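> Input: one structure, supplied below.
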Amino acid sequence: AQTASGKNFQAALTKSELHLIEEIEDPTKVPGVRPGTLGTRSPFEKPVKAPSDISSRTPLQDLFGTITPSDLHFERNHNGVPAIDPAKYELVIHGMVNRPMVFTLADLKRFPSVSRIAFLECSGNYRGSVDGKVTPQQICGLTSQSEWTGVKLSTLFREVGVSPKSTWFLAEGGDAAVMTRSVPIEKGWEDAIICYAQNGEAIRPEQGYPVRLFLPGWEGNINVKWLRRIELSDQPFQTRQETSKYTEAIGGGKIRQFSFTIDARSIITYPSYPQKVEKGWIEIRGIAWSGRGKVVRVEVSTDAGKTWKLAELQDPVMDKAHTAFRYLWNWNGQPTEILSRTVDETGYVQPFLKDLLAARGGNMGYHYNPVTAWYIQNDGQVLFKAT
Amino acid sequence: AQTASGKNFQAALTKSELHLIEEIEDPTKVPGVRPGTLGTRSPFEKPVKAPSDISSRTPLQDLFGTITPSDLHFERNHNGVPAIDPAKYELVIHGMVNRPMVFTLADLKRFPSVSRIAFLECSGNYRGSVDGKVTPQQICGLTSQSEWTGVKLSTLFREVGVSPKSTWFLAEGGDAAVMTRSVPIEKGWEDAIICYAQNGEAIRPEQGYPVRLFLPGWEGNINVKWLRRIELSDQPFQTRQETSKYTEAIGGGKIRQFSFTIDARSIITYPSYPQKVEKGWIEIRGIAWSGRGKVVRVEVSTDAGKTWKLAELQDPVMDKAHTAFRYLWNWNGQPTEILSRTVDETGYVQPFLKDLLAARGGNMGYHYNPVTAWYIQNDGQVLFKAT
Amino acid sequence: GQADTLHYPKSFGFGRTATLKEIALLDTDVRPDGKGLPAGSGKVSEGKLVYAAKCSGCHGATGVEGPNDQLVTIKNPTDPKVKARNKTIGNYWPYGTTVFDYIKRAMPFNQPGSLTDQEVYNLTAFLLHENGLIKADDIINAKTLPKVVMPARDFFVPDDRRDGPEIR
Amino acid sequence: GQADTLHYPKSFGFGRTATLKEIALLDTDVRPDGKGLPAGSGKVSEGKLVYAAKCSGCHGATGVEGPNDQLVTIKNPTDPKVKARNKTIGNYWPYGTTVFDYIKRAMPFNQPGSLTDQEVYNLTAFLLHENGLIKADDIINAKTLPKVVMPARDFFVPDDRRDGPEIR
Ligand SMILES: [Ca+2]
Ligand SMILES: [Ca+2]
Ligand SMILES: [Ca+2]
Ligand SMILES: [Ca+2]
Ligand SMILES: [Ca+2]
Ligand SMILES: [Ca+2]
Ligand SMILES: [Co+2]
Ligand SMILES: [Co+2]
C-alpha cells in the first residue's frame, strides 16, 4: 500500500512528466525535420493494399480524388514481380513487319511521347458478401488510376513497318509467367501506349517496370507488364490467358472471348463499410469510370433505388478515367440504402447485379460491374448489399 | 604462379558461375516477388530531391508527364517539418466572424470536398549559372504538381459567418516557425482550399500534414502548411514573411509587396544539362504553367530565338497547372540554342531575363520567371544559358 | 490514332534490326495452326512419367486433386464444389496448341522455362489423353497437335457487348 | 467561388464554438496598429542583455556578423557583399510591430516560443535602437511600438503586375 504523500509525489511527477511530453509534442516549440532527398508518409497514415497470393487491392475507401499513389496501385501477377535491369532491357518487335527490330529503354524514351491519366482495372473485379462486411477495397479494389507516359505503339508500328495484312499482335511479358495476350491490331494503331512512366516517375515494378503495354479502357490482364516482345500476326494466338482465363460463360453454353472493354461502373467510397455515419449532412463520394469513354452522368439514390439524383462530377472529366463524384445528402437517421450508377458517353447504364446475372444466363465471371448498394442501419453502421 | 591446368579450371569455373548468375538473373526463370501491401520503387531508379538547409528541389529532368510523385514534391520550410498527431489536430477560425469555431480533421473531411490538379511554386525559384552547368532541378526545382483535395475555404467562411467587413485573413501554421501570411479575403471566397489530401492520399508531412492552405496560382509561401489558425481581419498583418521576405525591389527605390500571382513560365526538361544528345530526331519536352490561368500556347525556338514554332500541349490543359509540351526537332549537329516560352490565357508572354531585369530596375529577387536557353554544343553536350 | 503520327518522319532511326537468332530465342509461342511448334514429338506413356515427377505435386496424382489448377475433367461430377471448378483442358480449352505453349512458357510454376521441348510434347500428349481427347498411343507433334479436336471450341463466341444501353 | 456554395445549408453543423481561452492561447499576432500587443514594456538596456545571451550566437555580437540573418543596418557599407545583404529592420522593415510579432513566434530559432513577453519587448526595443530607430532610453510598449517611424515604410507598393502582355 502507498502512503498519502507517496501518492501525491507520484501524481506530481506524473503531472510534470505529462507537461514535459506536452511541451516536446508541441511542434511549434521544437525545430522540425530538415529538408531531405525523399518525402515521407506521416507515421499516422498507413494506407495498405490487401494482398492475396495473386493480387493486391487498392484501398479505395482511404483515397481522395482520382490519382492512386503508385505504391497503392493494385497488383495482379501470374508468377510474381520480376527484377529487371533496365540497362539490359530490350523490346523485340517482329513477325509481319518489314524490319524486325530491337529497342532499348533509352530508344523507347527518345521517340515522341504521350501522357494520359486513365484507370486500369482487372476484369475479375467484383466480390460480394452475404453479411455485408466488405469494403470498397474488397468489392472492387482491382482498379487504380495513374498518369501514364510512353510512346504510342503506332509510332513503333511505323518504325518497324507493320504489314497492312497484320490483324493481331501478341504481347509478351518478361516475367516468370511469360504472360501472353493477343491484341487486335486496330487497338495498336488507335491508342495503345508502350509505357515507361507512371505518375511522373518510372513505372513501379508491380506495374511492369521498366515497360508495359497500356490499352486505355481495356481489361487489366491484356495490358501486358514487363513487356519484352511484340509479334505481328494475322490471327490471334489463343494463349491460355485468353482461353482458359479471361473468358466468361454467358448462358446457352456460350463462352465469351476477347471481351476487352471494361464496362461502365461506379462505387460509393464514402460512406462505406466499415464506417459509421451520423444523422445530418453527408457528402456521398465515389469514383465512376468506363472503358468505353467518358462518364457523362452519375446518378445517386438515397432511397434504395426508388428515385435517382444527379451527382456532381469533378472537372476535368477525362476519357477512360476514374472520375470523382459527389452528392450532398441530409440523412434523417432512418435506415436506408444508398446507391450510385454510371452512364457513359455511349449511353451504357451501369446495371444491377440481377440484370447482369439475367443477361449472362445466371453465370458470374469476368466483367462484373454491378451497381452496389450500401445499407445504412439506424445506428449509422454502413453495410454492403448486393443489387 | 599458376599452372596451365589451374588456369583452365578457374576459367571454366568462372564461366559456369557466370552462367549461373545469368540463369538466376533471367526473370522468366524464377518466380518473382509476391503481391504485397505497398508497392516499391525499382532499385535501379533513384530519383531524389536536391536538399539545402531550407528547401529541397524536385528533379524535373527525371520526371515524365505532369504529376509529381509525392515524395519528390519540392519542400520549403522555415524551421523544419513538424510532427503532428492528426487526432490532436484542430483548425481555429476566429476574428471578424459571427461564431469563432474549432474544426478537427474529421470535421474538415465531412464538409463538401473539391479536388484539383494544380502546380505549387515557390516565388524564389530562379537560379542561373555562369558555366551553364545547372539542371532544371537547380534552375527551377521549386515547383511541383499534385492533385489536391480538401474543403473550400468559402464553405468554412459560411459556417463561421465571416463579416462582410472583413478584407484580409491571417493564415498561421503549427510548425516551429509558426508561419504567418495575410491573404486578401477575395481569394478565400474564390478558390482557396483547406487541403487534407495530395495525390489520392493524406498530404505528406513535408507538404503540410495534416492540413494546409492551398491558393491556386499563388506563390508557395502563402499556401501555409500545417495550418492551425485563420483570423479574419480588416487589414493585413504585415508579418515578417510578407515584408522582410517575399517582397521584391523593382527599381526607383520601390519594393513590391503582396505579389501573389505566379507569372507564366516554362522549362525544357529534355534535353537539358547534364545530358548529351545525338544528331537526328529529338523530342524537346518540358512543362509550362501560369498562376493566372491556363497555358494557351508554348513556343519553342531551336535557332537561339530567331524563329519560334508552336509546341504541342498535352490534353487536358488545366487551369493553373503544369502542362506538358513537346516539340519534334531534327537536330543537324550544329551548335545552337533551344528555348521555350509560355503564353497564358491573359496574353502574358514569358519574358527574357534581360527584359525582366530592365522592368525591375536591374534587381533580381522573387518572381523571376525568365525564358531559359539550352546551348547545345557540337558534341551534343547541353548547357544552360541565361537570356 | 494513326493520324497523329502521319507528320512523323518515315523513320526516327532509334533501335536496331533484330537478328534471327535473338528472335528465335524468344519466339516460343504456338498458334492454333501449329505455327511455332518445334521439331520432335510426344507420347502419353512418357508424359505420364514426367507428369508424376514434375507436376503431380501441385496438380494432383491424376490432375484433378490440386492443390493448384485442376487439369483433367471429371465426367459427371456430383460434388458441387468439383462441379464448379471443373473447367479444364478437356471441356473448356478451345485449342490443343495452347497446352504446349503454356506449359513450355510457364510450368512448372516453381521452375518455369526449365522443360525441354521433348518433355513438353510428352506432357501435352499425356494431358490430352487424360482428358479423353486422344488415344493412349497417339503421337503428338507439329502435325497432329493442331488437329486434335477440342470439344470446347464450339462454345467460344467473340465479345457481343456493344456501346449503348444494352446489358450483355 | 462563393456561388458554388450558395446551395449549401446555412450550417453543416460540423465543428464547435471556440472558447475565448483557446483562441487567446494561439492569438499572438500583432498588427501594425498594435492590436495584439500584450501588456508590459521593454527597454533597450535590458534587451541588450537578453540579446547577448540568447541571440548573438546566431546573429552576431552587434546583429551584423551572423552567421544567420543580419538584423542591424550598416550605414554606408563599402564591402559589396555586406552591401548586398544589408536589408534589415532599419532599412527594409516597414512596420515595427513585425519585430515583436516575429521574435515572439519564431525566435530563438533553436527554441522558438520560449521567450516571455517581457523579453520580447526588451529585444524589440534593443533592435530598434541598434537600427537607429529609437533613442537609448525610449520605452517600447503597446502604445509606442506602432508609432515608431520605419524608414522603409514609404518604399512599399502593392503588386503592380497585371494580366496581359506587360512585363513588370
Ligand atoms: Ca539481345
Ligand atoms: Ca511466333
Ligand atoms: Ca488461376
Ligand atoms: Ca483545444
Ligand atoms: Ca490576432
Ligand atoms: Ca532567410
Ligand atoms: Co474480358
Ligand atoms: Co510575391
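Residues are named by chain letter and number: chains run A, B, ... in the order of the C-alpha cells, numbers start at 1 in each chain, and ligands are numbered from 1 in the order shown.
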Please write out the residues within 7 Å of ligand 5 as a ChimeraX atom specification, counting only C-alpha atoms and all ligand atoms.

/B:231 /D:27-30,36

> Around ligand 1, which protein and nucleic acid residues have at least one atom no more than 8 Å from it, if we count only C-alpha atoms and all ligand atoms? List them as a list in words.

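Protein and nucleic-acid residues within 8 Å of ligand 1: Glu90 and Val102 of chain A; Glu22 of chain C.
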
> Print the selection's residues with all heavy atoms to a file, as an mmCIF file, in the first residue's frame.


```cif
data_model
loop_
_atom_site.group_PDB
_atom_site.id
_atom_site.type_symbol
_atom_site.label_atom_id
_atom_site.label_comp_id
_atom_site.auth_asym_id
_atom_site.auth_seq_id
_atom_site.Cartn_x
_atom_site.Cartn_y
_atom_site.Cartn_z
ATOM 1 N N GLU A 90 15.245 -5.002 -73.322
ATOM 2 C CA GLU A 90 15.028 -4.832 -74.765
ATOM 3 C C GLU A 90 13.594 -5.216 -75.124
ATOM 4 O O GLU A 90 13.047 -6.170 -74.559
ATOM 5 C CB GLU A 90 15.972 -5.744 -75.562
ATOM 6 C CG GLU A 90 17.412 -5.276 -75.537
ATOM 7 C CD GLU A 90 18.336 -6.210 -76.304
ATOM 8 O OE1 GLU A 90 17.963 -7.382 -76.528
ATOM 9 O OE2 GLU A 90 19.437 -5.762 -76.664
ATOM 10 N N VAL A 102 14.830 -4.254 -82.462
ATOM 11 C CA VAL A 102 15.060 -4.313 -81.018
ATOM 12 C C VAL A 102 15.192 -2.889 -80.505
ATOM 13 O O VAL A 102 15.939 -2.093 -81.073
ATOM 14 C CB VAL A 102 16.366 -5.071 -80.686
ATOM 15 C CG1 VAL A 102 16.565 -5.154 -79.181
ATOM 16 C CG2 VAL A 102 16.363 -6.447 -81.323
ATOM 17 N N GLU C 22 18.266 -13.932 -82.145
ATOM 18 C CA GLU C 22 17.690 -13.425 -80.897
ATOM 19 C C GLU C 22 16.166 -13.503 -80.930
ATOM 20 O O GLU C 22 15.532 -13.691 -79.885
ATOM 21 C CB GLU C 22 18.215 -12.035 -80.537
ATOM 22 C CG GLU C 22 17.718 -10.891 -81.382
ATOM 23 C CD GLU C 22 18.494 -9.600 -81.087
ATOM 24 O OE1 GLU C 22 19.059 -9.458 -79.985
ATOM 25 O OE2 GLU C 22 18.543 -8.736 -81.981
#
```

> List as a PyMOL selection string the protein and nucleic acid residues lying within 12 Å of ligand 6, with only C-alpha atoms and all ligand atoms counted.

(chain B and resi 53-55+76-79+124+177+240-241+244-246) or (chain D and resi 59+66-71+85+87-88+109)

> Given only C-alpha atoms as the basis, pick out the residue of A:Thr269, A:Asn98, A:Asn199, A:Asn369 nearest to chain B.

A:Asn199

> Please check which protein, DNA or RNA residues sit within 8 Å of ligand 7, counting only C-alpha atoms and all ligand atoms, and write them as a list in words.

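So the residues close to ligand 7 are Ser123, Glu219, Tyr246, Thr247, Glu248, Arg256, Gln257, Phe258, Ser259, Phe260, Thr261, Ile262, Tyr366 and His367 of chain A.
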
> Could the residues of chain C within 8 Å of chain B, counting only C-alpha atoms, be given as a list in words, please?

Phe12, Phe109, Asn110, Gln111, Pro112, Gly113 and Ser114 of chain C

> Kindly save the residues from that selection, with all heavy atoms included, as a PDB file, in the first residue's frame.


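Written output follows (part39.pdb):
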```
ATOM      1  N   PHE C  12      12.556   7.241 -87.355  1.00  0.00           N
ATOM      2  CA  PHE C  12      13.287   8.055 -86.393  1.00  0.00           C
ATOM      3  C   PHE C  12      14.740   7.588 -86.284  1.00  0.00           C
ATOM      4  O   PHE C  12      15.602   8.317 -85.829  1.00  0.00           O
ATOM      5  CB  PHE C  12      12.610   7.998 -85.025  1.00  0.00           C
ATOM      6  CG  PHE C  12      11.366   8.822 -84.959  1.00  0.00           C
ATOM      7  CD1 PHE C  12      10.115   8.247 -85.154  1.00  0.00           C
ATOM      8  CD2 PHE C  12      11.438  10.183 -84.724  1.00  0.00           C
ATOM      9  CE1 PHE C  12       8.965   9.012 -85.107  1.00  0.00           C
ATOM     10  CE2 PHE C  12      10.293  10.959 -84.662  1.00  0.00           C
ATOM     11  CZ  PHE C  12       9.047  10.371 -84.857  1.00  0.00           C
ATOM     12  N   PHE C 109       5.464 -24.243 -62.267  1.00  0.00           N
ATOM     13  CA  PHE C 109       5.316 -22.906 -61.707  1.00  0.00           C
ATOM     14  C   PHE C 109       6.555 -22.460 -60.923  1.00  0.00           C
ATOM     15  O   PHE C 109       6.919 -21.287 -60.954  1.00  0.00           O
ATOM     16  CB  PHE C 109       4.084 -22.918 -60.790  1.00  0.00           C
ATOM     17  CG  PHE C 109       3.537 -21.566 -60.455  1.00  0.00           C
ATOM     18  CD1 PHE C 109       2.948 -20.775 -61.421  1.00  0.00           C
ATOM     19  CD2 PHE C 109       3.569 -21.098 -59.141  1.00  0.00           C
ATOM     20  CE1 PHE C 109       2.408 -19.537 -61.102  1.00  0.00           C
ATOM     21  CE2 PHE C 109       3.033 -19.862 -58.818  1.00  0.00           C
ATOM     22  CZ  PHE C 109       2.451 -19.074 -59.794  1.00  0.00           C
ATOM     23  N   ASN C 110       7.171 -23.413 -60.234  1.00  0.00           N
ATOM     24  CA  ASN C 110       8.349 -23.058 -59.433  1.00  0.00           C
ATOM     25  C   ASN C 110       9.659 -23.134 -60.215  1.00  0.00           C
ATOM     26  O   ASN C 110      10.700 -22.743 -59.727  1.00  0.00           O
ATOM     27  CB  ASN C 110       8.431 -23.939 -58.175  1.00  0.00           C
ATOM     28  CG  ASN C 110       8.350 -25.412 -58.527  1.00  0.00           C
ATOM     29  OD1 ASN C 110       8.048 -25.754 -59.673  1.00  0.00           O
ATOM     30  ND2 ASN C 110       8.631 -26.274 -57.569  1.00  0.00           N
ATOM     31  N   GLN C 111       9.590 -23.625 -61.458  1.00  0.00           N
ATOM     32  CA  GLN C 111      10.777 -23.642 -62.313  1.00  0.00           C
ATOM     33  C   GLN C 111      10.394 -23.389 -63.762  1.00  0.00           C
ATOM     34  O   GLN C 111      10.651 -24.216 -64.647  1.00  0.00           O
ATOM     35  CB  GLN C 111      11.493 -24.998 -62.208  1.00  0.00           C
ATOM     36  CG  GLN C 111      12.365 -25.124 -60.966  1.00  0.00           C
ATOM     37  CD  GLN C 111      13.172 -26.413 -61.010  1.00  0.00           C
ATOM     38  OE1 GLN C 111      12.607 -27.499 -61.024  1.00  0.00           O
ATOM     39  NE2 GLN C 111      14.493 -26.268 -61.078  1.00  0.00           N
ATOM     40  N   PRO C 112       9.780 -22.267 -63.989  1.00  0.00           N
ATOM     41  CA  PRO C 112       9.282 -22.006 -65.345  1.00  0.00           C
ATOM     42  C   PRO C 112      10.434 -21.969 -66.352  1.00  0.00           C
ATOM     43  O   PRO C 112      11.546 -21.572 -66.015  1.00  0.00           O
ATOM     44  CB  PRO C 112       8.616 -20.630 -65.213  1.00  0.00           C
ATOM     45  CG  PRO C 112       9.239 -19.997 -64.008  1.00  0.00           C
ATOM     46  CD  PRO C 112       9.554 -21.118 -63.079  1.00  0.00           C
ATOM     47  N   GLY C 113      10.139 -22.426 -67.548  1.00  0.00           N
ATOM     48  CA  GLY C 113      11.153 -22.362 -68.605  1.00  0.00           C
ATOM     49  C   GLY C 113      12.210 -23.442 -68.485  1.00  0.00           C
ATOM     50  O   GLY C 113      13.230 -23.386 -69.173  1.00  0.00           O
ATOM     51  N   SER C 114      12.003 -24.457 -67.633  1.00  0.00           N
ATOM     52  CA  SER C 114      13.037 -25.461 -67.400  1.00  0.00           C
ATOM     53  C   SER C 114      12.831 -26.737 -68.223  1.00  0.00           C
ATOM     54  O   SER C 114      13.695 -27.602 -68.267  1.00  0.00           O
ATOM     55  CB  SER C 114      13.084 -25.825 -65.909  1.00  0.00           C
ATOM     56  OG  SER C 114      11.859 -26.428 -65.513  1.00  0.00           O
TER      57      SER C 114
END
```

> Run DSSP on the backbone and give me the residues of range 270-382 of chain A it puts in alpha helix (DSSP H), as a PyMOL selection string.

chain A and resi 353-359

> Would you pick out the contacts of Ile89 in chain D at 9 Å or less, using only C-alpha atoms, so that residues sharing its chain but fewer than 5 positions from it are not included, and give the list as a PyMOL selection string?

(chain B and resi 244) or (chain D and resi 70-73+94-96+99+127-128+131+150+152)

> Given the selection you just returned, output its residues as a file containing N, CA, C and O atoms, formatted as a compact mmCIF listing (two decimals), in the first residue's frame.


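The new file selection-v4.txt reads:
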```txt
# COMPACT_ATOMS: atom_id res chain seq x y z
N SER B 244 9.80 41.56 -44.73
CA SER B 244 11.24 41.31 -44.85
C SER B 244 11.53 40.32 -45.98
O SER B 244 12.56 40.41 -46.65
N GLN D 70 21.31 39.10 -40.91
CA GLN D 70 21.77 40.37 -40.37
C GLN D 70 20.57 41.14 -39.87
O GLN D 70 19.56 41.28 -40.58
N LEU D 71 20.64 41.67 -38.62
CA LEU D 71 19.47 42.34 -38.04
C LEU D 71 19.63 43.85 -37.97
O LEU D 71 18.66 44.58 -37.80
N VAL D 72 20.88 44.29 -38.07
CA VAL D 72 21.15 45.72 -37.87
C VAL D 72 21.79 46.29 -39.13
O VAL D 72 22.72 45.71 -39.68
N THR D 73 21.27 47.41 -39.58
CA THR D 73 21.74 48.03 -40.81
C THR D 73 23.12 48.66 -40.61
O THR D 73 23.39 49.27 -39.59
N PRO D 94 8.96 47.60 -42.92
CA PRO D 94 8.03 48.74 -42.95
C PRO D 94 7.29 48.97 -41.63
O PRO D 94 6.73 50.06 -41.43
N TYR D 95 7.23 47.97 -40.74
CA TYR D 95 6.45 48.11 -39.51
C TYR D 95 7.23 47.60 -38.31
O TYR D 95 7.75 46.48 -38.34
N GLY D 96 7.27 48.39 -37.25
CA GLY D 96 7.95 47.98 -36.02
C GLY D 96 7.25 46.82 -35.34
O GLY D 96 7.89 45.98 -34.67
N VAL D 99 8.52 43.26 -35.71
CA VAL D 99 9.68 42.80 -34.93
C VAL D 99 9.19 42.01 -33.71
O VAL D 99 9.65 40.90 -33.45
N LEU D 127 16.65 46.08 -30.64
CA LEU D 127 16.91 46.01 -32.08
C LEU D 127 16.49 47.29 -32.81
O LEU D 127 17.15 47.73 -33.75
N LEU D 128 15.42 47.91 -32.35
CA LEU D 128 15.01 49.18 -32.96
C LEU D 128 16.07 50.25 -32.69
O LEU D 128 16.43 51.03 -33.57
N ASN D 131 19.22 49.82 -34.72
CA ASN D 131 18.97 50.25 -36.10
C ASN D 131 18.73 51.75 -36.21
O ASN D 131 18.32 52.25 -37.26
N MET D 150 9.29 53.94 -39.32
CA MET D 150 10.14 52.97 -40.01
C MET D 150 10.47 53.54 -41.39
O MET D 150 9.58 53.69 -42.24
N ALA D 152 11.56 52.39 -44.06
CA ALA D 152 11.25 51.60 -45.27
C ALA D 152 9.79 51.71 -45.67
O ALA D 152 9.42 51.37 -46.80
```
